[in-house]
>>> print(open('query_17.txt').read())   # compact mmCIF, C-alpha atoms and all ligand atoms
# COMPACT_ATOMS: atom_id res chain seq x y z
CA MET H 1 24.24 98.67 132.09
CA THR H 2 27.75 98.49 130.70
CA ARG H 3 27.60 95.35 128.62
CA PRO H 4 29.25 96.02 125.24
CA LEU H 5 26.87 96.56 122.37
CA GLN H 6 26.28 93.40 120.34
CA LEU H 7 23.79 94.34 117.70
CA ALA H 8 22.39 97.37 115.90
CA VAL H 9 19.09 97.11 114.05
CA VAL H 10 18.72 99.64 111.24
CA LEU H 11 15.14 100.63 110.47
CA PRO H 12 14.79 102.76 107.33
CA THR H 13 11.52 104.65 107.44
CA LEU H 14 9.36 106.68 105.14
CA ASN H 15 5.97 107.51 106.64
CA GLU H 16 5.97 104.77 109.27
CA ARG H 17 4.87 106.86 112.25
CA GLY H 18 2.06 104.48 113.20
CA ASN H 19 4.32 101.42 113.13
CA LEU H 20 7.26 102.52 115.29
CA ARG H 21 6.09 102.11 118.87
CA ALA H 22 4.81 98.58 118.44
CA LEU H 23 7.92 97.62 116.50
CA VAL H 24 10.26 98.85 119.22
CA GLU H 25 8.27 96.80 121.70
CA ARG H 26 8.55 93.69 119.54
CA LEU H 27 12.29 94.27 119.18
CA GLY H 28 12.70 94.54 122.94
CA ALA H 29 10.86 91.27 123.45
CA ALA H 30 12.75 89.42 120.72
CA LEU H 31 16.18 90.68 121.80
CA GLU H 32 15.84 89.93 125.52
CA GLY H 33 19.34 89.28 126.92
CA ILE H 34 21.15 90.86 123.96
CA ALA H 35 22.78 94.32 124.13
CA TRP H 36 21.20 96.10 121.19
CA GLU H 37 20.35 99.47 119.74
CA ALA H 38 18.00 100.45 116.95
CA ILE H 39 18.76 103.18 114.44
CA ILE H 40 15.77 104.72 112.75
CA VAL H 41 16.87 106.35 109.49
CA ASP H 42 14.06 108.58 108.37
CA ASP H 43 13.96 110.60 105.16
CA ASN H 44 12.14 113.55 106.67
CA SER H 45 8.76 111.81 106.36
CA PRO H 46 5.84 114.23 106.09
CA ASP H 47 3.86 112.17 108.63
CA GLY H 48 6.32 113.10 111.38
CA THR H 49 7.98 109.69 111.78
CA ALA H 50 11.18 111.36 113.01
CA ASP H 51 9.34 113.27 115.76
CA GLU H 52 7.72 110.06 116.92
CA ALA H 53 11.12 108.33 116.81
CA ARG H 54 12.66 111.07 118.98
CA THR H 55 9.81 110.80 121.47
CA ILE H 56 10.46 107.07 121.76
CA SER H 57 14.20 107.70 122.00
CA LEU H 58 13.74 109.96 125.04
CA GLU H 59 11.96 107.09 126.79
CA ASP H 60 14.39 104.41 125.62
CA PRO H 61 17.94 105.52 124.80
CA ARG H 62 18.60 102.32 122.87
CA ILE H 63 16.60 103.95 120.08
CA ARG H 64 18.61 106.37 117.95
CA VAL H 65 17.36 108.62 115.19
CA ILE H 66 18.93 109.86 111.97
CA GLN H 67 16.75 112.34 110.17
CA ARG H 68 17.99 112.89 106.62
CA ILE H 69 17.04 116.08 104.84
CA GLY H 70 17.02 116.36 101.07
CA ARG H 71 17.89 112.72 100.46
CA ARG H 72 15.73 109.77 99.57
CA GLY H 73 16.06 106.04 99.15
CA LEU H 74 15.85 102.81 101.09
CA ALA H 75 19.30 101.51 100.08
CA SER H 76 21.19 104.68 100.91
CA ALA H 77 19.30 105.04 104.20
CA ALA H 78 20.26 101.47 105.12
CA ILE H 79 23.93 102.10 104.27
CA GLU H 80 24.02 105.29 106.32
CA GLY H 81 22.40 103.57 109.29
CA MET H 82 24.78 100.61 109.11
CA CYS H 83 27.80 102.91 109.00
CA SER H 84 26.62 104.84 112.05
CA THR H 85 26.95 102.12 114.66
CA ALA H 86 29.80 100.83 116.81
CA ALA H 87 28.11 97.44 117.21
CA PRO H 88 30.05 94.51 115.69
CA CYS H 89 26.92 93.15 114.02
CA VAL H 90 24.25 95.08 112.23
CA ALA H 91 20.83 94.12 110.88
CA VAL H 92 18.51 95.88 108.45
CA MET H 93 14.79 95.30 108.50
CA ASP H 94 11.58 96.95 107.29
CA ALA H 95 9.76 99.07 109.85
CA ASP H 96 6.25 98.04 108.75
CA HIS H 97 6.08 94.69 110.61
CA GLN H 98 6.51 92.59 107.47
CA HIS H 99 9.73 91.20 108.96
CA ASP H 100 9.42 89.17 112.16
CA PRO H 101 11.95 90.40 114.77
CA ALA H 102 11.86 86.93 116.37
CA LEU H 103 14.37 85.79 113.71
CA LEU H 104 17.03 88.23 114.91
CA PRO H 105 18.60 86.07 117.69
CA ALA H 106 19.15 83.16 115.27
CA MET H 107 20.60 85.52 112.67
CA LEU H 108 22.90 87.06 115.27
CA LYS H 109 24.02 83.63 116.46
CA ALA H 110 24.89 82.57 112.92
CA VAL H 111 27.12 85.60 112.39
CA ALA H 112 28.51 86.12 115.89
CA GLU H 113 29.08 82.47 116.82
CA GLU H 114 28.74 80.12 113.84
CA GLY H 115 31.23 81.78 111.51
CA TYR H 116 28.83 83.14 108.90
CA ASP H 117 29.51 86.58 107.40
CA LEU H 118 25.86 87.28 106.76
CA ALA H 119 22.48 85.82 107.67
CA TYR H 120 19.28 86.76 105.93
CA ALA H 121 15.58 85.96 105.94
CA SER H 122 14.27 84.54 102.68
CA ARG H 123 10.69 84.72 101.49
CA PHE H 124 11.37 81.92 99.04
CA ALA H 125 13.38 79.41 101.07
CA GLU H 126 12.02 76.05 102.08
CA GLY H 127 9.63 76.61 104.99
CA ALA H 128 9.05 80.28 104.13
CA SER H 129 5.70 81.73 103.19
CA THR H 130 4.29 84.74 101.39
CA GLU H 131 0.55 84.01 101.67
CA ALA H 132 -0.01 86.44 104.52
CA TRP H 133 1.56 89.19 102.40
CA GLY H 134 -1.78 89.28 100.56
CA ARG H 135 -0.13 90.48 97.35
CA PRO H 136 0.06 87.61 94.81
CA ASP H 137 1.10 90.15 92.17
CA ARG H 138 4.10 91.18 94.25
CA VAL H 139 5.03 87.55 94.99
CA LYS H 140 5.22 86.91 91.26
CA ALA H 141 7.07 90.12 90.47
CA SER H 142 9.52 89.49 93.28
CA GLY H 143 10.18 85.94 92.10
CA PHE H 144 10.92 87.26 88.62
CA ALA H 145 13.18 90.06 89.88
CA ASN H 146 15.03 87.51 92.00
CA SER H 147 15.71 85.13 89.13
CA LEU H 148 16.84 88.02 86.92
CA ALA H 149 19.14 89.25 89.67
CA ARG H 150 20.61 85.77 90.15
CA LYS H 151 21.37 85.43 86.42
CA VAL H 152 23.01 88.81 86.11
CA THR H 153 25.06 88.87 89.31
CA GLY H 154 25.84 85.19 89.80
CA VAL H 155 24.45 85.39 93.34
CA THR H 156 22.75 82.09 94.19
CA LEU H 157 20.48 82.93 97.15
CA SER H 158 16.78 82.15 96.91
CA ASP H 159 15.82 85.75 97.78
CA PRO H 160 18.62 88.26 97.08
CA MET H 161 15.94 90.98 97.04
CA SER H 162 15.13 90.44 100.70
CA GLY H 163 15.22 93.54 102.85
CA TYR H 164 15.91 91.60 106.08
CA PHE H 165 19.51 90.63 106.83
CA LEU H 166 22.30 90.81 109.40
CA LEU H 167 26.05 90.94 108.87
CA ARG H 168 29.36 91.72 110.46
CA THR H 169 29.52 95.50 110.44
CA GLU H 170 33.15 95.43 109.36
CA VAL H 171 32.28 93.60 106.12
CA LEU H 172 29.89 96.39 105.24
CA ARG H 173 32.19 99.22 106.26
CA LYS H 174 35.03 97.92 104.14
CA ASP H 175 33.01 98.12 100.92
CA ALA H 176 30.38 100.73 101.71
CA HIS H 177 31.98 103.30 99.41
CA ARG H 178 31.56 100.94 96.45
CA LEU H 179 27.85 100.27 96.94
CA SER H 180 25.54 102.03 94.52
CA GLY H 181 23.00 103.04 97.17
CA VAL H 182 20.28 103.35 94.55
CA GLY H 183 16.77 101.92 94.89
CA PHE H 184 15.72 99.00 97.12
CA LYS H 185 18.21 96.23 96.32
CA ILE H 186 20.69 96.74 99.15
CA LEU H 187 21.37 93.07 99.98
CA LEU H 188 21.93 92.17 96.33
CA ASP H 189 24.25 95.12 96.04
CA ILE H 190 26.33 94.00 99.02
CA LEU H 191 26.57 90.43 97.73
CA ALA H 192 27.53 91.51 94.21
CA THR H 193 30.03 94.14 95.35
CA VAL H 194 32.23 92.49 98.00
CA ASP H 195 35.37 90.85 96.62
CA ALA H 196 35.52 87.65 98.61
CA PRO H 197 32.30 85.60 98.45
CA LEU H 198 30.43 85.80 101.75
CA LYS H 199 29.44 82.81 103.81
CA VAL H 200 25.69 83.20 103.97
CA LYS H 201 23.12 81.59 106.25
CA GLU H 202 19.56 81.51 104.99
CA LEU H 203 16.53 81.51 107.31
CA PRO H 204 12.98 80.99 106.12
CA LEU H 205 10.73 84.00 106.65
CA ALA H 206 6.98 84.07 107.01
CA PHE H 207 6.51 87.38 105.23
CA ALA H 208 3.68 89.21 106.97
CA ALA H 209 1.27 91.83 105.72
CA ARG H 210 2.23 95.45 106.25
CA ALA H 211 0.73 96.77 109.52
CA GLU H 212 0.04 100.47 108.88
CA GLY H 213 0.50 102.68 105.82
CA GLU H 214 1.42 101.62 102.33
CA SER H 215 4.35 100.27 100.30
CA LYS H 216 6.84 102.71 98.77
CA LEU H 217 8.02 100.38 96.04
CA ASP H 218 6.79 102.07 92.90
CA ARG H 219 7.59 102.12 89.19
CA THR H 220 10.63 104.36 89.63
CA VAL H 221 12.10 101.81 92.02
CA VAL H 222 11.52 98.99 89.54
CA PHE H 223 13.15 101.00 86.78
CA GLU H 224 16.11 101.81 89.03
CA PHE H 225 16.44 98.12 89.77
CA LEU H 226 16.69 97.23 86.07
CA ILE H 227 19.19 100.01 85.50
CA GLY H 228 21.25 98.77 88.44
CA LEU H 229 21.32 95.25 87.03
CA TYR H 230 22.39 96.51 83.61
CA ASP H 231 25.07 98.62 85.24
CA LYS H 232 26.56 95.62 87.04
CA TRP H 233 26.33 93.50 83.89
CA LEU H 234 27.55 95.70 81.02
CA GLY H 235 27.91 99.17 82.51
CA ARG H 236 31.68 99.14 82.35
CA ILE H 237 31.72 98.39 78.61
CA ILE H 238 28.82 100.51 77.39
CA PRO H 239 27.85 103.18 79.95
CA THR H 240 24.26 102.91 81.14
CA ARG H 241 23.20 106.32 79.96
CA PHE H 242 24.57 105.80 76.48
CA ALA H 243 22.90 102.39 76.25
CA LEU H 244 19.56 103.95 77.20
CA PHE H 245 20.08 106.82 74.79
CA GLY H 246 20.91 104.37 72.00
CA THR H 247 17.95 102.11 72.75
CA ILE H 248 15.60 105.06 72.71
CA GLY H 249 17.24 106.23 69.49
CA ALA H 250 16.57 102.84 67.90
CA LEU H 251 12.97 103.09 69.06
CA GLY H 252 12.89 106.50 67.37
CA VAL H 253 13.83 104.85 64.08
CA VAL H 254 10.88 102.46 64.46
CA VAL H 255 8.54 105.38 65.21
CA HIS H 256 9.92 107.24 62.20
CA MET H 257 9.35 104.32 59.83
CA ALA H 258 5.84 103.69 61.14
CA ILE H 259 4.82 107.30 60.66
CA LEU H 260 6.41 107.49 57.23
CA ALA H 261 4.69 104.29 56.13
CA SER H 262 1.24 105.39 57.29
CA PHE H 263 1.78 108.80 55.72
CA MET H 264 2.66 107.21 52.38
CA GLU H 265 -0.31 104.89 52.74
CA MET H 266 -2.66 107.85 53.22
CA PHE H 267 -1.22 110.40 50.80
CA GLY H 268 0.97 108.32 48.50
CA GLY H 269 -1.43 108.56 45.58
CA THR H 270 -2.32 112.23 46.03
CA LEU H 271 -0.34 115.44 45.79
CA MET H 272 1.26 114.15 42.60
CA GLY H 273 2.95 116.82 40.52
CA THR H 274 3.30 119.33 43.36
CA ILE H 275 6.72 120.74 44.17
CA VAL H 276 7.32 118.62 47.24
CA THR H 277 6.57 114.92 47.06
CA PRO H 278 4.50 113.03 49.65
CA PHE H 279 7.69 111.24 50.64
CA GLU H 280 9.44 114.48 51.43
CA ILE H 281 6.60 115.75 53.58
CA GLY H 282 6.19 112.35 55.27
CA GLN H 283 9.90 112.12 55.94
CA THR H 284 9.88 115.57 57.56
CA VAL H 285 6.84 114.87 59.73
CA ALA H 286 8.24 111.49 60.76
CA ALA H 287 11.62 112.99 61.66
CA VAL H 288 10.10 115.74 63.81
CA VAL H 289 7.75 113.36 65.61
CA ALA H 290 10.44 110.71 66.16
CA MET H 291 12.82 113.32 67.50
CA THR H 292 10.15 114.65 69.85
CA VAL H 293 9.41 111.14 71.08
CA ASN H 294 13.13 110.67 71.67
CA PHE H 295 13.32 113.91 73.59
CA VAL H 296 10.40 112.99 75.82
CA LEU H 297 11.69 109.46 76.54
CA ASN H 298 15.25 110.58 77.21
CA ASN H 299 13.93 113.26 79.50
CA ALA H 300 11.83 110.73 81.43
CA LEU H 301 14.27 107.80 81.53
CA THR H 302 17.87 108.48 80.48
CA TYR H 303 17.96 111.73 82.41
CA ALA H 304 15.30 110.89 85.00
CA ASP H 305 17.59 112.37 87.66
CA LYS H 306 17.92 115.67 85.78
CA ARG H 307 14.42 115.72 84.33
CA LEU H 308 13.29 119.01 82.81
CA ARG H 309 9.88 120.08 84.08
CA GLY H 310 7.52 122.89 83.28
CA PHE H 311 6.53 124.27 79.92
CA THR H 312 9.39 126.75 79.42
CA ALA H 313 12.13 124.33 80.44
CA LEU H 314 10.68 121.62 78.22
CA ALA H 315 10.28 123.92 75.23
CA ARG H 316 13.85 125.18 75.55
CA GLY H 317 15.13 121.65 76.04
CA TRP H 318 13.24 120.45 72.98
CA ALA H 319 14.66 123.26 70.84
CA LYS H 320 18.21 122.56 72.00
CA PHE H 321 17.69 118.84 71.41
CA ALA H 322 16.42 119.54 67.89
CA LEU H 323 19.46 121.70 67.16
CA THR H 324 21.84 119.08 68.52
CA CYS H 325 20.18 116.35 66.48
CA SER H 326 20.26 118.31 63.24
CA VAL H 327 24.00 118.81 63.59
CA GLY H 328 24.24 115.12 64.47
CA LEU H 329 22.37 114.33 61.29
CA LEU H 330 24.83 116.37 59.22
CA ALA H 331 27.74 114.56 60.89
CA ASN H 332 26.02 111.24 60.24
CA VAL H 333 25.46 111.90 56.53
CA GLY H 334 28.87 113.57 56.12
CA VAL H 335 30.80 110.67 57.61
CA ALA H 336 28.82 108.10 55.62
CA ALA H 337 29.30 110.03 52.36
CA VAL H 338 33.06 110.40 52.85
CA LEU H 339 33.43 106.70 53.69
CA VAL H 340 31.54 105.69 50.54
CA ARG H 341 33.72 107.96 48.43
CA PHE H 342 36.75 106.25 49.87
CA GLY H 343 35.33 102.96 48.69
CA MET H 344 33.49 101.60 51.74
CA HIS H 345 30.35 99.58 51.15
CA GLU H 346 27.13 101.60 51.60
CA TYR H 347 25.67 99.70 54.57
CA PRO H 348 28.72 99.67 56.81
CA ALA H 349 29.25 103.30 55.84
CA ALA H 350 25.66 104.12 56.83
CA LEU H 351 26.16 102.30 60.12
CA SER H 352 29.36 104.23 60.82
CA GLY H 353 27.47 107.46 60.12
CA ILE H 354 24.76 106.43 62.58
CA VAL H 355 27.31 105.63 65.30
CA VAL H 356 29.12 108.95 64.84
CA GLY H 357 25.83 110.86 64.79
CA SER H 358 24.56 109.11 67.93
CA VAL H 359 27.76 109.71 69.87
CA TRP H 360 27.57 113.35 68.85
CA ASN H 361 23.92 113.63 69.87
CA PHE H 362 24.62 111.91 73.17
CA ALA H 363 27.69 113.94 74.05
CA LEU H 364 26.15 117.28 73.17
CA SER H 365 22.68 116.75 74.56
CA SER H 366 24.06 115.46 77.86
CA LYS H 367 25.96 118.72 78.15
CA PHE H 368 23.63 121.30 76.64
CA VAL H 369 20.13 119.88 77.08
CA TRP H 370 20.43 118.04 80.43
CA GLY H 371 23.68 119.53 81.71
CA LYS H 372 23.83 122.29 84.28
N1 LIG M 1 14.58 106.13 104.78
C1 LIG M 1 13.84 105.59 103.81
N2 LIG M 1 13.83 106.19 102.57
N3 LIG M 1 13.12 104.47 104.03
C2 LIG M 1 12.37 103.98 103.03
C3 LIG M 1 12.32 104.55 101.74
C4 LIG M 1 13.09 105.73 101.52
O1 LIG M 1 13.12 106.30 100.43
N4 LIG M 1 11.49 103.78 100.97
C5 LIG M 1 11.03 102.81 101.76
N5 LIG M 1 11.55 102.91 103.00
C6 LIG M 1 11.32 102.04 104.16
C7 LIG M 1 9.87 101.81 104.49
O2 LIG M 1 9.38 102.79 105.37
C8 LIG M 1 9.91 100.44 105.12
O3 LIG M 1 10.27 100.49 106.48
C9 LIG M 1 11.01 99.72 104.36
O4 LIG M 1 11.84 100.76 103.83
C10 LIG M 1 10.46 98.84 103.22
O5 LIG M 1 9.66 99.63 102.35
P1 LIG M 1 8.23 99.14 101.83
O6 LIG M 1 7.62 100.27 101.08
O7 LIG M 1 7.44 98.53 102.94
O8 LIG M 1 8.70 98.03 100.80
P2 LIG M 1 7.87 96.75 100.29
O9 LIG M 1 7.27 96.03 101.45
O10 LIG M 1 6.97 97.16 99.19
O11 LIG M 1 9.07 95.88 99.67
C11 LIG M 1 9.55 94.70 100.29
O12 LIG M 1 10.06 93.85 99.29
C12 LIG M 1 11.22 94.35 98.62
C13 LIG M 1 11.61 93.37 97.53
O13 LIG M 1 10.52 92.81 96.90
C14 LIG M 1 10.63 95.06 101.33
O14 LIG M 1 10.90 93.89 102.10
C15 LIG M 1 11.92 95.51 100.70
O15 LIG M 1 12.92 95.61 101.72
C16 LIG M 1 12.33 94.51 99.63
O16 LIG M 1 13.50 94.99 98.96
MN MN M 2 6.78 96.65 103.33
>>> encode(input="query_17.txt", output="structure tokens")
Amino acid sequence: MTRPLQLAVVLPTLNERGNLRALVERLGAALEGIAWEAIIVDDNSPDGTADEARTISLEDPRIRVIQRIGRRGLASAAIEGMCSTAAPCVAVMDADHQHDPALLPAMLKAVAEEGYDLAYASRFAEGASTEAWGRPDRVKASGFANSLARKVTGVTLSDPMSGYFLLRTEVLRKDAHRLSGVGFKILLDILATVDAPLKVKELPLAFAARAEGESKLDRTVVFEFLIGLYDKWLGRIIPTRFALFGTIGALGVVVHMAILASFMEMFGGTLMGTIVTPFEIGQTVAAVVAMTVNFVLNNALTYADKRLRGFTALARGWAKFALTCSVGLLANVGVAAVLVRFGMHEYPAALSGIVVGSVWNFALSSKFVWGK
């Protein structure tokens, strides 16, 4: 068989062993008469998906396998798979049978013959359905994520979060190095990244229930999605990490005030006449707690990718963070005091102090607490 390859279907997999064989069969049936290959991009799944994929590949050489070691993520797996084919058109679809392969010929026709750059299957287009999905919670969440994504990126599709699409490989290859490759939102990323707007054909999808196994979309993925949106929206002006750090810092102020207020409420009338006042003790407790809360949140969110784990690492990190913040506090108060002496109004001076202190805290903690 020497017909030139027309289509590659990229199947990112994480623990999909039980779904592969039937999927390959469905692909073969749907793509009758088309010269195709499938590329299974597996992230070293513990269930042995890659072994199963290789077994299938020995029986049917149209099936290729990329087993990635030490890397994770649907979007980056899809990008790697798409870049690994010589076919002029490439599709990405889930390997769990939620995407009907029967749509592929129409998608291929749109791109190969009708002049579209990209065709995709929408769960929210007219004629589409999500009932069989059996996850009303996910339908709602997905609808919300879609509308948020449309607002932020200016993309107008009904389902830019869809994981089922087909495009000219060349379009992808040209911009692949600029894609973020984080999380699940690969289609959205492509649409928001390419310079010239793509001509897109939308097909309604009857989104099925997952066949075997379970979904890998968890809270981390949702958080990554929000971060990705922010990054596209404002990331160039205020870097994402600094924005997170600042937001958490502001939250720390709220925590501080709440603790101080309840402390004063409880002990305000007592301890009178002692050397330290209730305010001084309350202020100290509030500062330590707020700083600890900040440390924990920054460790979990701002530096999720460099998260400190284990008691010793956390204790050392906390101590370094405390040291950094106390110097930051000195810088904060110092700058504000100098500005007031030079005649600046107290509030703008205080604000300037806060900004200087935060930048200091951010710069130093990123290097000494979460740096290498
Ligand atoms: N290689 C690799 N690495 N594959 C992965 C990873 C990963 O880290 N995470 C998930 N996959 C594979 C799964 O094995 C599956 O074939 C496909 O990517 C989709 O993952 P699911 O876990 O089934 O996602 P879902 O059904 O919950 O999410 C659906 O909706 C999302 C938007 O709401 C999918 O259609 C997604 O593609 C879509 O973005
Ligand atoms: Mn799925």
>>> residues_near_ligand(input="query_17.txt", ligand="ligand MN 2 (chain M)", cutoff="10 Å", atoms="all atoms listed in the file", output="ChimeraX atom specification")
/H:93-99,133,163,207-217
>>> closest_atom_pairs(input="query_17.txt", of="chain H", to="ligand LIG 1 (chain M)", cutoff="9 Å", atoms="all atoms listed in the file", output="Markdown table")
| residue | atom | partner | partner_atom | distance |
| --- | --- | --- | --- | --- |
| H:Leu11 | CA | M:LIG1 | O3 | 6.3 |
| H:Pro12 | CA | M:LIG1 | N3 | 4.1 |
| H:Thr13 | CA | M:LIG1 | O2 | 3.5 |
| H:Leu14 | CA | M:LIG1 | O2 | 3.9 |
| H:Asn15 | CA | M:LIG1 | O2 | 6.0 |
| H:Glu16 | CA | M:LIG1 | O2 | 5.5 |
| H:Asn19 | CA | M:LIG1 | O3 | 9.0 |
| H:Ile40 | CA | M:LIG1 | N1 | 8.2 |
| H:Val41 | CA | M:LIG1 | N1 | 5.2 |
| H:Asp42 | CA | M:LIG1 | N1 | 4.4 |
| H:Asp43 | CA | M:LIG1 | N1 | 4.5 |
| H:Asn44 | CA | M:LIG1 | N1 | 8.0 |
| H:Ser45 | CA | M:LIG1 | N1 | 8.3 |
| H:Gln67 | CA | M:LIG1 | N1 | 8.5 |
| H:Arg68 | CA | M:LIG1 | N1 | 7.8 |
| H:Arg71 | CA | M:LIG1 | N2 | 8.0 |
| H:Arg72 | CA | M:LIG1 | O1 | 4.4 |
| H:Gly73 | CA | M:LIG1 | O1 | 3.2 |
| H:Leu74 | CA | M:LIG1 | C3 | 4.0 |
| H:Ala75 | CA | M:LIG1 | N2 | 7.6 |
| H:Ser76 | CA | M:LIG1 | N2 | 7.7 |
| H:Ala77 | CA | M:LIG1 | N1 | 4.9 |
| H:Ala78 | CA | M:LIG1 | N1 | 7.4 |
| H:Val92 | CA | M:LIG1 | O15 | 8.8 |
| H:Met93 | CA | M:LIG1 | O15 | 7.0 |
| H:Asp94 | CA | M:LIG1 | O3 | 3.9 |
| H:Ala95 | CA | M:LIG1 | O3 | 3.7 |
| H:Asp96 | CA | M:LIG1 | O3 | 5.2 |
| H:His97 | CA | M:LIG1 | O3 | 8.3 |
| H:Gln98 | CA | M:LIG1 | O9 | 7.0 |
| H:His99 | CA | M:LIG1 | O14 | 7.5 |
| H:Trp133 | CA | M:LIG1 | O9 | 9.0 |
| H:Arg138 | CA | M:LIG1 | O13 | 7.1 |
| H:Val139 | CA | M:LIG1 | O13 | 7.8 |
| H:Ala141 | CA | M:LIG1 | O13 | 7.8 |
| H:Ser142 | CA | M:LIG1 | O13 | 5.0 |
| H:Gly143 | CA | M:LIG1 | O13 | 8.4 |
| H:Ala145 | CA | M:LIG1 | O13 | 8.0 |
| H:Asn146 | CA | M:LIG1 | O13 | 8.5 |
| H:Asp159 | CA | M:LIG1 | C13 | 8.7 |
| H:Pro160 | CA | M:LIG1 | O16 | 8.7 |
| H:Met161 | CA | M:LIG1 | C13 | 5.0 |
| H:Ser162 | CA | M:LIG1 | C16 | 5.1 |
| H:Gly163 | CA | M:LIG1 | O15 | 3.3 |
| H:Tyr164 | CA | M:LIG1 | O15 | 6.6 |
| H:Gly183 | CA | M:LIG1 | O1 | 7.9 |
| H:Phe184 | CA | M:LIG1 | O16 | 4.9 |
| H:Lys185 | CA | M:LIG1 | O16 | 5.5 |
| H:Ile186 | CA | M:LIG1 | O16 | 7.4 |
| H:Leu187 | CA | M:LIG1 | O16 | 8.2 |
| H:Phe207 | CA | M:LIG1 | O14 | 8.5 |
| H:Ala209 | CA | M:LIG1 | O9 | 8.5 |
| H:Arg210 | CA | M:LIG1 | O7 | 6.9 |
| H:Gly213 | CA | M:LIG1 | O7 | 8.6 |
| H:Glu214 | CA | M:LIG1 | O6 | 6.5 |
| H:Ser215 | CA | M:LIG1 | O6 | 3.4 |
| H:Lys216 | CA | M:LIG1 | O6 | 3.4 |
| H:Leu217 | CA | M:LIG1 | O10 | 4.6 |
| H:Asp218 | CA | M:LIG1 | O10 | 8.0 |
>>> closest_residue(input="query_17.txt", among="H:Leu229, H:Ile79, H:Val355, H:Leu260", to="H:Gly154", atoms="only C-alpha atoms")
H:Leu229
>>> closest_residue(input="query_17.txt", among="H:Ala336, H:Val327, H:Val369, H:Leu234", to="H:Thr153", atoms="all atoms listed in the file")
H:Leu234
>>> atom_distance(input="query_17.txt", atom1="atom CA of H:Gly282", atom2="atom CA of H:Gly334")
22.7 Å
>>> closest_residue(input="query_17.txt", among="H:Val152, H:Ala22, H:Phe124, H:Phe295", to="H:Leu226", atoms="only C-alpha atoms")
H:Val152
>>> atom_distance(input="query_17.txt", atom1="atom CA of H:Arg150", atom2="atom CA of H:Arg168")
22.9 Å
>>> residues_around(input="query_17.txt", residues="H:Leu104", least_positions_apart="5", cutoff="10 Å", atoms="only C-alpha atoms", output="PyMOL selection string")
chain H and resi 7+9+27+30-31+91+93+99+109-110+119-121+164-166
>>> closest_residue(input="query_17.txt", among="H:Gly317, H:Gly181, H:Pro61, H:Pro101", to="H:Phe368", atoms="only C-alpha atoms")
H:Gly317
>>> residues_around(input="query_17.txt", residues="H:Leu191", least_positions_apart="3", cutoff="10 Å", atoms="all atoms listed in the file", output="list of chain:residue names")
H:Leu118, H:Thr153, H:Gly154, H:Val155, H:Thr156, H:Leu157, H:Pro160, H:Leu179, H:Ile186, H:Leu187, H:Leu188, H:Val194, H:Asp195, H:Ala196, H:Pro197, H:Leu198, H:Val200
>>> closest_residue(input="query_17.txt", among="H:Ala363, H:Ala313, H:Ala35, H:Ile56", to="H:Arg21", atoms="all atoms listed in the file")
H:Ile56
>>> closest_residue(input="query_17.txt", among="H:Arg341, H:Leu148, H:Ser366, H:Ser326", to="H:Val288", atoms="all atoms listed in the file")
H:Ser326
>>> axis_aligned_box(input="query_17.txt", around="stretch 201-214 of chain H", padding_each_side="6 Å", output="AutoDock Vina command-line options")
--center_x 11.6 --center_y 91.8 --center_z 105.9 --size_x 35.1 --size_y 33.7 --size_z 19.2
>>> residues_around(input="query_17.txt", residues="H:Leu323", least_positions_apart="5", cutoff="10 Å", atoms="only C-alpha atoms", output="VMD selection string")
chain H and resid 317 to 318 328 to 329 361 365
>>> atom_distance(input="query_17.txt", atom1="atom CA of H:Phe225", atom2="atom CA of H:Ile69")
23.5 Å
>>> residues_around(input="query_17.txt", residues="H:Lys199", least_positions_apart="4", cutoff="8 Å", atoms="only C-alpha atoms", output="ChimeraX atom specification")
/H:115-118
>>> residues_around(input="query_17.txt", residues="H:Leu251", least_positions_apart="3", cutoff="12 Å", atoms="all atoms listed in the file", output="list in words")
Leu244, Phe245, Gly246, Thr247, Ile248, Val254, Val255, His256, Met257, Ala258, Ala290, Met291, Thr292, Val293, Asn294, Phe295, Leu297 and Asn298 of chain H
>>> decode(input="query_17.txt", residues="stretch 127-133 of chain H", atoms="N, CA and C atoms", output="PDB file, in the first residue's frame")
ATOM      1  N   GLY H 127     -27.524  20.937  17.601  1.00  0.00           N
ATOM      2  CA  GLY H 127     -27.542  19.531  17.178  1.00  0.00           C
ATOM      3  C   GLY H 127     -26.618  18.648  18.004  1.00  0.00           C
ATOM      4  N   ALA H 128     -25.807  19.257  18.873  1.00  0.00           N
ATOM      5  CA  ALA H 128     -24.912  18.469  19.727  1.00  0.00           C
ATOM      6  C   ALA H 128     -25.653  18.033  20.981  1.00  0.00           C
ATOM      7  N   SER H 129     -25.051  17.095  21.714  1.00  0.00           N
ATOM      8  CA  SER H 129     -25.693  16.692  22.957  1.00  0.00           C
ATOM      9  C   SER H 129     -24.657  16.280  23.996  1.00  0.00           C
ATOM     10  N   THR H 130     -25.014  16.461  25.242  1.00  0.00           N
ATOM     11  CA  THR H 130     -24.123  16.087  26.340  1.00  0.00           C
ATOM     12  C   THR H 130     -24.831  15.185  27.340  1.00  0.00           C
ATOM     13  N   GLU H 131     -26.089  14.806  27.036  1.00  0.00           N
ATOM     14  CA  GLU H 131     -26.857  13.998  28.008  1.00  0.00           C
ATOM     15  C   GLU H 131     -26.158  12.677  28.327  1.00  0.00           C
ATOM     16  N   ALA H 132     -25.676  12.025  27.263  1.00  0.00           N
ATOM     17  CA  ALA H 132     -25.079  10.702  27.461  1.00  0.00           C
ATOM     18  C   ALA H 132     -23.827  10.764  28.321  1.00  0.00           C
ATOM     19  N   TRP H 133     -23.209  11.938  28.402  1.00  0.00           N
ATOM     20  CA  TRP H 133     -22.022  12.140  29.223  1.00  0.00           C
ATOM     21  C   TRP H 133     -22.303  11.686  30.654  1.00  0.00           C
TER      22      TRP H 133
END
